[in-house]
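Novice: This is query.pdb, which holds PDB, C-alpha atoms and all ligand atoms:
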```
ATOM      1  CA  ASN A  26     -54.644  44.040  30.016  1.00  0.00           C
ATOM      2  CA  GLY A  27     -51.979  41.422  29.548  1.00  0.00           C
ATOM      3  CA  ASN A  28     -53.921  39.345  27.032  1.00  0.00           C
ATOM      4  CA  ARG A  29     -51.790  39.956  24.006  1.00  0.00           C
ATOM      5  CA  ASP A  30     -48.375  38.282  24.295  1.00  0.00           C
ATOM      6  CA  ASN A  31     -46.157  41.314  24.608  1.00  0.00           C
ATOM      7  CA  SER A  32     -48.728  43.634  26.063  1.00  0.00           C
ATOM      8  CA  ARG A  33     -47.579  45.105  29.356  1.00  0.00           C
ATOM      9  CA  GLY A  34     -48.009  47.971  31.770  1.00  0.00           C
ATOM     10  CA  ALA A  35     -45.940  51.141  31.495  1.00  0.00           C
ATOM     11  CA  LEU A  36     -43.127  52.178  33.796  1.00  0.00           C
ATOM     12  CA  ILE A  37     -43.686  55.874  34.364  1.00  0.00           C
ATOM     13  CA  VAL A  38     -41.402  57.909  36.606  1.00  0.00           C
ATOM     14  CA  LEU A  39     -41.981  61.336  38.113  1.00  0.00           C
ATOM     15  CA  GLU A  40     -38.902  63.368  38.910  1.00  0.00           C
ATOM     16  CA  GLY A  41     -38.279  66.880  40.153  1.00  0.00           C
ATOM     17  CA  LEU A  42     -37.030  68.926  43.064  1.00  0.00           C
ATOM     18  CA  ASP A  43     -38.627  68.761  46.478  1.00  0.00           C
ATOM     19  CA  ARG A  44     -41.920  70.730  46.417  1.00  0.00           C
ATOM     20  CA  SER A  45     -42.207  70.469  42.629  1.00  0.00           C
ATOM     21  CA  GLY A  46     -45.581  68.745  43.028  1.00  0.00           C
ATOM     22  CA  LYS A  47     -44.585  65.156  42.181  1.00  0.00           C
ATOM     23  CA  THR A  48     -46.490  63.538  44.979  1.00  0.00           C
ATOM     24  CA  SER A  49     -49.757  65.459  44.427  1.00  0.00           C
ATOM     25  CA  GLN A  50     -49.582  64.868  40.705  1.00  0.00           C
ATOM     26  CA  SER A  51     -48.918  61.180  41.094  1.00  0.00           C
ATOM     27  CA  THR A  52     -51.943  60.849  43.420  1.00  0.00           C
ATOM     28  CA  ARG A  53     -54.125  62.641  40.855  1.00  0.00           C
ATOM     29  CA  LEU A  54     -52.802  60.522  38.002  1.00  0.00           C
ATOM     30  CA  LEU A  55     -53.438  57.360  39.949  1.00  0.00           C
ATOM     31  CA  SER A  56     -57.112  58.137  40.515  1.00  0.00           C
ATOM     32  CA  TYR A  57     -57.560  59.315  36.939  1.00  0.00           C
ATOM     33  CA  LEU A  58     -56.117  56.077  35.544  1.00  0.00           C
ATOM     34  CA  GLU A  59     -58.138  53.967  37.949  1.00  0.00           C
ATOM     35  CA  GLN A  60     -61.300  55.739  36.814  1.00  0.00           C
ATOM     36  CA  GLN A  61     -60.347  54.938  33.224  1.00  0.00           C
ATOM     37  CA  GLY A  62     -60.242  51.273  34.216  1.00  0.00           C
ATOM     38  CA  PHE A  63     -56.475  50.733  33.977  1.00  0.00           C
ATOM     39  CA  SER A  64     -54.608  48.433  36.285  1.00  0.00           C
ATOM     40  CA  VAL A  65     -52.214  50.866  37.961  1.00  0.00           C
ATOM     41  CA  GLU A  66     -50.167  51.230  41.149  1.00  0.00           C
ATOM     42  CA  SER A  67     -48.381  54.133  42.708  1.00  0.00           C
ATOM     43  CA  TRP A  68     -44.834  53.462  43.989  1.00  0.00           C
ATOM     44  CA  ARG A  69     -42.119  55.646  45.427  1.00  0.00           C
ATOM     45  CA  PHE A  70     -38.402  55.569  46.097  1.00  0.00           C
ATOM     46  CA  PRO A  71     -36.952  55.475  48.610  1.00  0.00           C
ATOM     47  CA  ASP A  72     -39.311  52.687  49.662  1.00  0.00           C
ATOM     48  CA  ARG A  73     -38.976  53.188  53.397  1.00  0.00           C
ATOM     49  CA  SER A  74     -40.801  49.970  54.305  1.00  0.00           C
ATOM     50  CA  THR A  75     -37.848  47.612  53.777  1.00  0.00           C
ATOM     51  CA  CYS A  76     -34.753  47.133  55.991  1.00  0.00           C
ATOM     52  CA  VAL A  77     -32.652  49.105  53.536  1.00  0.00           C
ATOM     53  CA  GLY A  78     -35.408  51.712  53.397  1.00  0.00           C
ATOM     54  CA  GLU A  79     -35.280  52.128  57.169  1.00  0.00           C
ATOM     55  CA  MET A  80     -31.561  52.847  57.003  1.00  0.00           C
ATOM     56  CA  ILE A  81     -32.195  55.442  54.314  1.00  0.00           C
ATOM     57  CA  SER A  82     -35.010  57.015  56.280  1.00  0.00           C
ATOM     58  CA  SER A  83     -32.890  57.352  59.380  1.00  0.00           C
ATOM     59  CA  TYR A  84     -30.099  58.941  57.321  1.00  0.00           C
ATOM     60  CA  LEU A  85     -32.522  61.441  55.745  1.00  0.00           C
ATOM     61  CA  ALA A  86     -33.850  62.376  59.179  1.00  0.00           C
ATOM     62  CA  ASN A  87     -30.246  63.068  60.302  1.00  0.00           C
ATOM     63  CA  LYS A  88     -30.523  60.271  62.844  1.00  0.00           C
ATOM     64  CA  SER A  89     -27.560  58.449  61.377  1.00  0.00           C
ATOM     65  CA  GLN A  90     -24.477  59.386  59.415  1.00  0.00           C
ATOM     66  CA  LEU A  91     -23.203  57.536  56.359  1.00  0.00           C
ATOM     67  CA  ASP A  92     -20.587  58.570  53.865  1.00  0.00           C
ATOM     68  CA  ASP A  93     -21.805  59.735  50.466  1.00  0.00           C
ATOM     69  CA  ARG A  94     -20.966  56.563  48.564  1.00  0.00           C
ATOM     70  CA  THR A  95     -22.513  54.294  51.155  1.00  0.00           C
ATOM     71  CA  ILE A  96     -25.866  56.082  51.112  1.00  0.00           C
ATOM     72  CA  HIS A  97     -25.744  56.186  47.332  1.00  0.00           C
ATOM     73  CA  LEU A  98     -25.422  52.408  47.200  1.00  0.00           C
ATOM     74  CA  LEU A  99     -28.236  51.962  49.709  1.00  0.00           C
ATOM     75  CA  PHE A 100     -30.596  54.037  47.562  1.00  0.00           C
ATOM     76  CA  SER A 101     -29.617  51.860  44.636  1.00  0.00           C
ATOM     77  CA  ALA A 102     -30.028  48.615  46.609  1.00  0.00           C
ATOM     78  CA  ASN A 103     -33.494  49.839  47.572  1.00  0.00           C
ATOM     79  CA  ARG A 104     -34.390  49.862  43.857  1.00  0.00           C
ATOM     80  CA  TRP A 105     -32.719  46.509  43.198  1.00  0.00           C
ATOM     81  CA  GLU A 106     -34.720  44.841  45.939  1.00  0.00           C
ATOM     82  CA  LYS A 107     -37.895  45.890  44.093  1.00  0.00           C
ATOM     83  CA  ARG A 108     -36.752  45.061  40.568  1.00  0.00           C
ATOM     84  CA  SER A 109     -38.241  41.589  40.179  1.00  0.00           C
ATOM     85  CA  LEU A 110     -41.609  42.634  41.615  1.00  0.00           C
ATOM     86  CA  MET A 111     -41.559  45.621  39.306  1.00  0.00           C
ATOM     87  CA  GLU A 112     -40.951  43.435  36.264  1.00  0.00           C
ATOM     88  CA  MET A 113     -43.654  40.997  37.300  1.00  0.00           C
ATOM     89  CA  LYS A 114     -46.237  43.780  37.714  1.00  0.00           C
ATOM     90  CA  LEU A 115     -45.375  45.329  34.355  1.00  0.00           C
ATOM     91  CA  ARG A 116     -45.528  42.002  32.518  1.00  0.00           C
ATOM     92  CA  SER A 117     -48.870  41.212  34.085  1.00  0.00           C
ATOM     93  CA  GLY A 118     -50.258  44.439  32.636  1.00  0.00           C
ATOM     94  CA  THR A 119     -50.055  46.814  35.590  1.00  0.00           C
ATOM     95  CA  THR A 120     -48.816  50.343  34.974  1.00  0.00           C
ATOM     96  CA  LEU A 121     -46.518  51.723  37.674  1.00  0.00           C
ATOM     97  CA  LEU A 122     -46.365  55.403  38.558  1.00  0.00           C
ATOM     98  CA  VAL A 123     -43.088  55.815  40.390  1.00  0.00           C
ATOM     99  CA  ASP A 124     -42.295  58.893  42.461  1.00  0.00           C
ATOM    100  CA  ARG A 125     -38.465  59.234  42.077  1.00  0.00           C
ATOM    101  CA  TYR A 126     -36.092  56.643  40.597  1.00  0.00           C
ATOM    102  CA  SER A 127     -32.466  56.325  39.467  1.00  0.00           C
ATOM    103  CA  TYR A 128     -32.415  59.951  38.238  1.00  0.00           C
ATOM    104  CA  SER A 129     -32.903  61.146  41.811  1.00  0.00           C
ATOM    105  CA  GLY A 130     -30.195  58.694  42.787  1.00  0.00           C
ATOM    106  CA  VAL A 131     -27.668  60.174  40.387  1.00  0.00           C
ATOM    107  CA  ALA A 132     -28.755  63.831  40.620  1.00  0.00           C
ATOM    108  CA  PHE A 133     -28.641  64.018  44.423  1.00  0.00           C
ATOM    109  CA  SER A 134     -25.384  62.088  44.836  1.00  0.00           C
ATOM    110  CA  SER A 135     -23.547  63.848  42.022  1.00  0.00           C
ATOM    111  CA  ALA A 136     -24.751  67.197  43.428  1.00  0.00           C
ATOM    112  CA  LYS A 137     -22.642  66.320  46.475  1.00  0.00           C
ATOM    113  CA  GLY A 138     -19.613  66.010  44.235  1.00  0.00           C
ATOM    114  CA  LEU A 139     -19.541  62.297  43.379  1.00  0.00           C
ATOM    115  CA  ASP A 140     -18.613  61.410  39.808  1.00  0.00           C
ATOM    116  CA  VAL A 141     -21.681  61.035  37.569  1.00  0.00           C
ATOM    117  CA  GLU A 142     -20.448  57.862  35.861  1.00  0.00           C
ATOM    118  CA  TRP A 143     -19.654  56.278  39.213  1.00  0.00           C
ATOM    119  CA  CYS A 144     -23.154  57.159  40.376  1.00  0.00           C
ATOM    120  CA  LYS A 145     -24.739  55.573  37.311  1.00  0.00           C
ATOM    121  CA  GLY A 146     -22.851  52.292  37.748  1.00  0.00           C
ATOM    122  CA  PRO A 147     -25.065  50.557  40.308  1.00  0.00           C
ATOM    123  CA  GLU A 148     -28.214  51.651  38.448  1.00  0.00           C
ATOM    124  CA  MET A 149     -27.213  49.770  35.303  1.00  0.00           C
ATOM    125  CA  GLY A 150     -29.568  46.896  34.591  1.00  0.00           C
ATOM    126  CA  LEU A 151     -32.522  48.247  36.531  1.00  0.00           C
ATOM    127  CA  LEU A 152     -35.631  48.541  34.370  1.00  0.00           C
ATOM    128  CA  ALA A 153     -35.606  51.605  32.152  1.00  0.00           C
ATOM    129  CA  PRO A 154     -38.681  53.814  32.443  1.00  0.00           C
ATOM    130  CA  ASP A 155     -40.893  54.191  29.380  1.00  0.00           C
ATOM    131  CA  LEU A 156     -41.519  57.799  30.325  1.00  0.00           C
ATOM    132  CA  VAL A 157     -39.920  60.262  32.721  1.00  0.00           C
ATOM    133  CA  LEU A 158     -42.073  63.231  33.667  1.00  0.00           C
ATOM    134  CA  TYR A 159     -39.794  65.961  34.938  1.00  0.00           C
ATOM    135  CA  LEU A 160     -41.662  68.608  36.922  1.00  0.00           C
ATOM    136  CA  ASN A 161     -39.523  71.614  36.230  1.00  0.00           C
ATOM    137  CA  ILE A 162     -39.569  74.423  38.778  1.00  0.00           C
ATOM    138  CA  PRO A 163     -36.990  77.055  39.694  1.00  0.00           C
ATOM    139  CA  PRO A 164     -35.485  76.088  43.076  1.00  0.00           C
ATOM    140  CA  GLU A 165     -36.413  79.503  44.517  1.00  0.00           C
ATOM    141  CA  LYS A 166     -40.038  79.017  43.555  1.00  0.00           C
ATOM    142  CA  ALA A 167     -40.139  75.528  45.052  1.00  0.00           C
ATOM    143  CA  ALA A 168     -38.693  76.909  48.284  1.00  0.00           C
ATOM    144  CA  GLU A 169     -41.390  79.618  48.377  1.00  0.00           C
ATOM    145  CA  ARG A 170     -44.049  76.932  48.361  1.00  0.00           C
ATOM    146  CA  GLY A 171     -42.848  76.217  51.865  1.00  0.00           C
ATOM    147  CA  GLY A 172     -43.114  72.990  53.688  1.00  0.00           C
ATOM    148  CA  TYR A 173     -39.522  71.900  53.323  1.00  0.00           C
ATOM    149  CA  GLY A 174     -39.787  69.287  56.023  1.00  0.00           C
ATOM    150  CA  GLY A 175     -36.312  69.622  57.508  1.00  0.00           C
ATOM    151  CA  GLU A 176     -34.908  66.434  56.014  1.00  0.00           C
ATOM    152  CA  ARG A 177     -31.274  66.374  55.063  1.00  0.00           C
ATOM    153  CA  TYR A 178     -31.490  67.605  51.438  1.00  0.00           C
ATOM    154  CA  GLU A 179     -34.239  70.179  51.858  1.00  0.00           C
ATOM    155  CA  GLN A 180     -32.132  73.324  51.508  1.00  0.00           C
ATOM    156  CA  LEU A 181     -32.218  75.853  48.729  1.00  0.00           C
ATOM    157  CA  GLU A 182     -28.495  75.878  47.963  1.00  0.00           C
ATOM    158  CA  PHE A 183     -28.388  72.118  47.601  1.00  0.00           C
ATOM    159  CA  GLN A 184     -31.617  71.980  45.579  1.00  0.00           C
ATOM    160  CA  ARG A 185     -30.034  74.438  43.116  1.00  0.00           C
ATOM    161  CA  LYS A 186     -27.170  72.008  42.565  1.00  0.00           C
ATOM    162  CA  VAL A 187     -29.535  69.063  42.221  1.00  0.00           C
ATOM    163  CA  ALA A 188     -31.472  70.956  39.520  1.00  0.00           C
ATOM    164  CA  GLN A 189     -28.273  71.397  37.499  1.00  0.00           C
ATOM    165  CA  HIS A 190     -27.390  67.729  37.834  1.00  0.00           C
ATOM    166  CA  TYR A 191     -30.876  66.544  36.858  1.00  0.00           C
ATOM    167  CA  LYS A 192     -30.548  68.425  33.574  1.00  0.00           C
ATOM    168  CA  MET A 193     -27.538  66.372  32.559  1.00  0.00           C
ATOM    169  CA  LEU A 194     -29.592  63.179  32.759  1.00  0.00           C
ATOM    170  CA  CYS A 195     -32.347  64.263  30.366  1.00  0.00           C
ATOM    171  CA  ASP A 196     -32.762  61.821  27.445  1.00  0.00           C
ATOM    172  CA  ALA A 197     -35.411  60.852  24.867  1.00  0.00           C
ATOM    173  CA  THR A 198     -37.740  59.334  27.475  1.00  0.00           C
ATOM    174  CA  TRP A 199     -38.035  62.666  29.305  1.00  0.00           C
ATOM    175  CA  LYS A 200     -40.855  65.173  29.056  1.00  0.00           C
ATOM    176  CA  ILE A 201     -40.151  68.430  30.812  1.00  0.00           C
ATOM    177  CA  ILE A 202     -43.259  70.026  32.241  1.00  0.00           C
ATOM    178  CA  ASP A 203     -43.455  73.561  33.586  1.00  0.00           C
ATOM    179  CA  ALA A 204     -44.441  72.879  37.183  1.00  0.00           C
ATOM    180  CA  SER A 205     -44.946  76.550  38.036  1.00  0.00           C
ATOM    181  CA  LEU A 206     -48.200  76.442  36.057  1.00  0.00           C
ATOM    182  CA  PRO A 207     -51.484  75.907  37.916  1.00  0.00           C
ATOM    183  CA  MET A 208     -51.923  72.346  39.141  1.00  0.00           C
ATOM    184  CA  GLU A 209     -54.776  71.644  36.699  1.00  0.00           C
ATOM    185  CA  ASP A 210     -52.668  72.640  33.688  1.00  0.00           C
ATOM    186  CA  VAL A 211     -49.805  70.456  34.803  1.00  0.00           C
ATOM    187  CA  GLU A 212     -52.220  67.594  35.373  1.00  0.00           C
ATOM    188  CA  LYS A 213     -53.704  67.936  31.897  1.00  0.00           C
ATOM    189  CA  GLN A 214     -50.286  67.728  30.240  1.00  0.00           C
ATOM    190  CA  LEU A 215     -49.250  64.765  32.345  1.00  0.00           C
ATOM    191  CA  ARG A 216     -52.420  62.869  31.429  1.00  0.00           C
ATOM    192  CA  GLU A 217     -51.714  63.214  27.733  1.00  0.00           C
ATOM    193  CA  PHE A 218     -48.144  61.955  28.000  1.00  0.00           C
ATOM    194  CA  VAL A 219     -49.206  59.097  30.229  1.00  0.00           C
ATOM    195  CA  MET A 220     -52.070  57.939  28.002  1.00  0.00           C
ATOM    196  CA  ASP A 221     -49.750  57.901  24.985  1.00  0.00           C
ATOM    197  CA  CYS A 222     -47.147  55.945  26.844  1.00  0.00           C
ATOM    198  CA  ILE A 223     -49.599  53.351  28.159  1.00  0.00           C
ATOM    199  CA  ALA A 224     -50.886  52.827  24.612  1.00  0.00           C
ATOM    200  CA  THR A 225     -47.387  52.092  23.237  1.00  0.00           C
ATOM    201  CA  CYS A 226     -46.688  49.621  26.019  1.00  0.00           C
ATOM    202  CA  GLN A 227     -50.010  47.868  25.424  1.00  0.00           C
ATOM    203  CA  ILE A 228     -49.078  47.166  21.823  1.00  0.00           C
ATOM    204  CA  GLY A 229     -45.889  45.500  22.971  1.00  0.00           C
ATOM    205  CA  LYS A 230     -42.992  47.927  23.313  1.00  0.00           C
ATOM    206  CA  PRO A 231     -40.170  45.790  24.779  1.00  0.00           C
ATOM    207  CA  LEU A 232     -38.908  46.385  28.303  1.00  0.00           C
ATOM    208  CA  SER A 233     -35.372  47.667  28.402  1.00  0.00           C
ATOM    209  CA  GLN A 234     -32.626  48.267  30.933  1.00  0.00           C
ATOM    210  CA  LEU A 235     -31.133  51.409  32.287  1.00  0.00           C
ATOM    211  CA  TRP A 236     -27.794  52.822  31.180  1.00  0.00           C
ATOM    212  CA  LEU A 237     -26.226  49.676  29.681  1.00  0.00           C
TER     213      LEU A 237
HETATM  214  N1  LIG B   1     -33.074  60.662  47.087  1.00  0.00           N
HETATM  215  C1  LIG B   1     -34.043  59.871  46.604  1.00  0.00           C
HETATM  216  C2  LIG B   1     -31.725  60.388  46.818  1.00  0.00           C
HETATM  217  O1  LIG B   1     -30.839  61.112  47.275  1.00  0.00           O
HETATM  218  N2  LIG B   1     -31.406  59.287  46.083  1.00  0.00           N
HETATM  219  C3  LIG B   1     -32.359  58.457  45.586  1.00  0.00           C
HETATM  220  O2  LIG B   1     -32.035  57.464  44.897  1.00  0.00           O
HETATM  221  C4  LIG B   1     -33.737  58.757  45.845  1.00  0.00           C
HETATM  222  C5  LIG B   1     -34.807  57.864  45.333  1.00  0.00           C
HETATM  223  O3  LIG B   1     -34.086  61.312  49.089  1.00  0.00           O
HETATM  224  F1  LIG B   1     -34.374  64.428  49.029  1.00  0.00           F
HETATM  225  C6  LIG B   1     -33.418  61.805  47.947  1.00  0.00           C
HETATM  226  C7  LIG B   1     -34.367  62.786  47.348  1.00  0.00           C
HETATM  227  C8  LIG B   1     -35.085  63.356  48.547  1.00  0.00           C
HETATM  228  C9  LIG B   1     -34.999  62.274  49.598  1.00  0.00           C
HETATM  229  O4  LIG B   1     -37.208  61.586  48.949  1.00  0.00           O
HETATM  230  C10 LIG B   1     -36.301  61.633  49.987  1.00  0.00           C
HETATM  231  P1  LIG B   1     -38.778  61.851  49.233  1.00  0.00           P
HETATM  232  O5  LIG B   1     -39.385  61.866  47.855  1.00  0.00           O
HETATM  233  O6  LIG B   1     -38.852  63.188  49.929  1.00  0.00           O
HETATM  234  O7  LIG B   1     -39.238  60.718  50.106  1.00  0.00           O
END
```
Can you dump the structure from the file as structure tokens?
Ligand code: FDM
Specialist:
Amino acid sequence: NGNRDNSRGALIVLEGLDRSGKTSQSTRLLSYLEQQGFSVESWRFPDRSTCVGEMISSYLANKSQLDDRTIHLLFSANRWEKRSLMEMKLRSGTTLLVDRYSYSGVAFSSAKGLDVEWCKGPEMGLLAPDLVLYLNIPPEKAAERGGYGGERYEQLEFQRKVAQHYKMLCDATWKIIDASLPMEDVEKQLREFVMDCIATCQIGKPLSQLWL
């Protein structure tokens, strides 16, 4: 970890619709990687612990109203306020497993009708993930899993739109995993992608920036 000059941790993002299994999978990945002796942390966005995060949380709980662009910028600010810590962790050799990132930012806001390029703007210059694991599940199937918690975006019609918008963001860093498979099968596939990715970052793959 971090001994070789350009060796660093990997920035790994999990994306997918609500109830696609991101959170369970990221918990399982975390303990697997810890057992393997890697330095690893699990993060999530929105990070509700900051001042900006509290505003976001209250909006998601329908306790406050904000127009679509304002909330979009708050989600983005919530990533910017974590950027330098993120870079420091990665450079010191820690791998970060991040539950949602800029792709959620763009997919959810553009699903409301905002222009995709406008949505990408404030994300430009954030750290680019080394790997995006997209847990792919039909919106109907995710809804059947139940447990939509009643937050603002947890509605089938809207999730269908989000799914369409996610697909437009897919690039070479994405791996699309069939999240309707049994949890163990999904986990096995994720482990392989993650181990590969960590290995390339250890040998010094440079950090890059998003959407510049
Ligand atoms: N969400 C999340 C956004 O709309 N934009 C963002 O940038 C991020 C990170 O917030 F419905 C949405 C996605 C989801 C909600 O996420 C809260 P969690 O994972 O349920 O906390």
Novice: Kindly indicate which residue among A:Trp199, A:Trp68, A:Phe100, A:Phe63 lies nearest to ligand LIG 1 (chain B), using all atoms listed in the file for the distances.
Specialist: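 Of A:Trp199, A:Trp68, A:Phe100, A:Phe63, the one nearest ligand LIG 1 (chain B) is A:Phe100, counting all atoms listed in the file.
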Novice: Give me the result of the PyMOL selection byres (((chain A and resi 85) around 10) and not hetatm) on this file, residue by residue, as a list in words.
Specialist: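 Against this file, the PyMOL selection byres (((chain A and resi 85) around 10) and not hetatm) returns the residues Glu79, Met80, Ile81, Ser82, Ser83, Tyr84, Ala86, Asn87, Lys88, Ser89, Gln90, Ile96, Gly175, Glu176, Arg177, Tyr178 and Glu179 of chain A.
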Novice: Any chance you could resolve the PyMOL selection byres (((chain A and resi 212) around 10) and not hetatm) against this file and give the residues as an MDAnalysis selection string?
Specialist: chainID A and resid 49:51 53:54 57 202 204 206:211 213:217
Novice: Ranking A:Leu232, A:Met193, A:Val219, A:Leu98 by minimum distance to ligand LIG 1 (chain B) and counting all atoms listed in the file, which one comes first?
Specialist: A:Leu98
Novice: Kindly work out which residues sit at most 7 Å from ligand LIG 1 (chain B), using all atoms listed in the file, and give the list as a list in words.
Specialist: Asp43, Phe70, Pro71, Leu85, His97, Phe100, Ser101, Asp124, Arg125, Tyr126, Ser127, Ser129, Gly130, Val131, Phe133, Ser134, Tyr178 and Glu179 of chain A
Novice: Tell me which of A:Glu169, A:Leu156, A:Val77, A:Leu121 sits closest to Glu106 (chain A), counting all atoms listed in the file.
Specialist: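 Comparing A:Glu169, A:Leu156, A:Val77, A:Leu121 against Glu106 (chain A), the winner is A:Val77.
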Novice: Name the residues that the PyMOL selection byres (((chain A and resi 35) around 7) and not hetatm) pulls out of this structure, and write them as a ChimeraX atom specification.
Specialist: /A:33-34,36-37,115,120-121,155,222-223,226
Novice: One decimal, in Å: what's the spacing between CA of Ser64 (chain A) and CA of Thr48 (chain A)?
Specialist: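 CA of Thr48 (chain A) lies 19.2 Å from CA of Ser64 (chain A).
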Novice: Please write region 201-208 of chain A of the preceding block to a file containing all heavy atoms, as a PDB file, in the first residue's frame?
Specialist:
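Here's the written file selection36.pdb:
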```pdb
ATOM      1  N   ILE A 201     -21.646  -3.497 -16.411  1.00  0.00           N
ATOM      2  CA  ILE A 201     -23.073  -3.642 -16.122  1.00  0.00           C
ATOM      3  C   ILE A 201     -23.332  -5.054 -15.623  1.00  0.00           C
ATOM      4  O   ILE A 201     -23.007  -6.028 -16.299  1.00  0.00           O
ATOM      5  CB  ILE A 201     -23.896  -3.294 -17.370  1.00  0.00           C
ATOM      6  CG1 ILE A 201     -23.599  -1.836 -17.729  1.00  0.00           C
ATOM      7  CG2 ILE A 201     -25.380  -3.516 -17.128  1.00  0.00           C
ATOM      8  CD1 ILE A 201     -24.304  -1.316 -18.935  1.00  0.00           C
ATOM      9  N   ILE A 202     -23.844  -5.122 -14.416  1.00  0.00           N
ATOM     10  CA  ILE A 202     -24.056  -6.432 -13.777  1.00  0.00           C
ATOM     11  C   ILE A 202     -25.554  -6.677 -13.646  1.00  0.00           C
ATOM     12  O   ILE A 202     -26.306  -5.790 -13.256  1.00  0.00           O
ATOM     13  CB  ILE A 202     -23.385  -6.456 -12.378  1.00  0.00           C
ATOM     14  CG1 ILE A 202     -21.863  -6.390 -12.543  1.00  0.00           C
ATOM     15  CG2 ILE A 202     -23.732  -7.717 -11.601  1.00  0.00           C
ATOM     16  CD1 ILE A 202     -21.286  -5.072 -12.217  1.00  0.00           C
ATOM     17  N   ASP A 203     -25.963  -7.904 -13.967  1.00  0.00           N
ATOM     18  CA  ASP A 203     -27.371  -8.261 -13.857  1.00  0.00           C
ATOM     19  C   ASP A 203     -27.740  -8.447 -12.382  1.00  0.00           C
ATOM     20  O   ASP A 203     -27.438  -9.474 -11.779  1.00  0.00           O
ATOM     21  CB  ASP A 203     -27.628  -9.548 -14.647  1.00  0.00           C
ATOM     22  CG  ASP A 203     -29.084  -9.977 -14.572  1.00  0.00           C
ATOM     23  OD1 ASP A 203     -29.876  -9.338 -13.832  1.00  0.00           O
ATOM     24  OD2 ASP A 203     -29.438 -10.962 -15.246  1.00  0.00           O
ATOM     25  N   ALA A 204     -28.403  -7.449 -11.836  1.00  0.00           N
ATOM     26  CA  ALA A 204     -28.698  -7.440 -10.402  1.00  0.00           C
ATOM     27  C   ALA A 204     -29.951  -8.231 -10.054  1.00  0.00           C
ATOM     28  O   ALA A 204     -30.342  -8.283  -8.884  1.00  0.00           O
ATOM     29  CB  ALA A 204     -28.811  -6.003  -9.891  1.00  0.00           C
ATOM     30  N   SER A 205     -30.587  -8.848 -11.060  1.00  0.00           N
ATOM     31  CA  SER A 205     -31.715  -9.734 -10.708  1.00  0.00           C
ATOM     32  C   SER A 205     -31.213 -11.127 -10.339  1.00  0.00           C
ATOM     33  O   SER A 205     -31.978 -11.947  -9.851  1.00  0.00           O
ATOM     34  CB  SER A 205     -32.735  -9.877 -11.846  1.00  0.00           C
ATOM     35  OG  SER A 205     -32.583  -8.928 -12.825  1.00  0.00           O
ATOM     36  N   LEU A 206     -29.948 -11.395 -10.589  1.00  0.00           N
ATOM     37  CA  LEU A 206     -29.368 -12.693 -10.212  1.00  0.00           C
ATOM     38  C   LEU A 206     -29.307 -12.796  -8.678  1.00  0.00           C
ATOM     39  O   LEU A 206     -29.372 -11.785  -7.985  1.00  0.00           O
ATOM     40  CB  LEU A 206     -27.944 -12.809 -10.791  1.00  0.00           C
ATOM     41  CG  LEU A 206     -27.838 -12.872 -12.312  1.00  0.00           C
ATOM     42  CD1 LEU A 206     -26.371 -12.822 -12.737  1.00  0.00           C
ATOM     43  CD2 LEU A 206     -28.518 -14.136 -12.845  1.00  0.00           C
ATOM     44  N   PRO A 207     -29.152 -14.046  -8.184  1.00  0.00           N
ATOM     45  CA  PRO A 207     -28.997 -14.203  -6.732  1.00  0.00           C
ATOM     46  C   PRO A 207     -27.815 -13.380  -6.212  1.00  0.00           C
ATOM     47  O   PRO A 207     -26.816 -13.205  -6.901  1.00  0.00           O
ATOM     48  CB  PRO A 207     -28.729 -15.701  -6.560  1.00  0.00           C
ATOM     49  CG  PRO A 207     -29.285 -16.337  -7.781  1.00  0.00           C
ATOM     50  CD  PRO A 207     -29.173 -15.341  -8.886  1.00  0.00           C
ATOM     51  N   MET A 208     -27.970 -12.890  -5.009  1.00  0.00           N
ATOM     52  CA  MET A 208     -26.989 -12.010  -4.378  1.00  0.00           C
ATOM     53  C   MET A 208     -25.558 -12.545  -4.456  1.00  0.00           C
ATOM     54  O   MET A 208     -24.612 -11.795  -4.700  1.00  0.00           O
ATOM     55  CB  MET A 208     -27.394 -11.859  -2.916  1.00  0.00           C
ATOM     56  CG  MET A 208     -26.913 -10.611  -2.258  1.00  0.00           C
ATOM     57  SD  MET A 208     -27.384 -10.661  -0.521  1.00  0.00           S
ATOM     58  CE  MET A 208     -28.176  -9.080  -0.368  1.00  0.00           C
TER      59      MET A 208
END
```
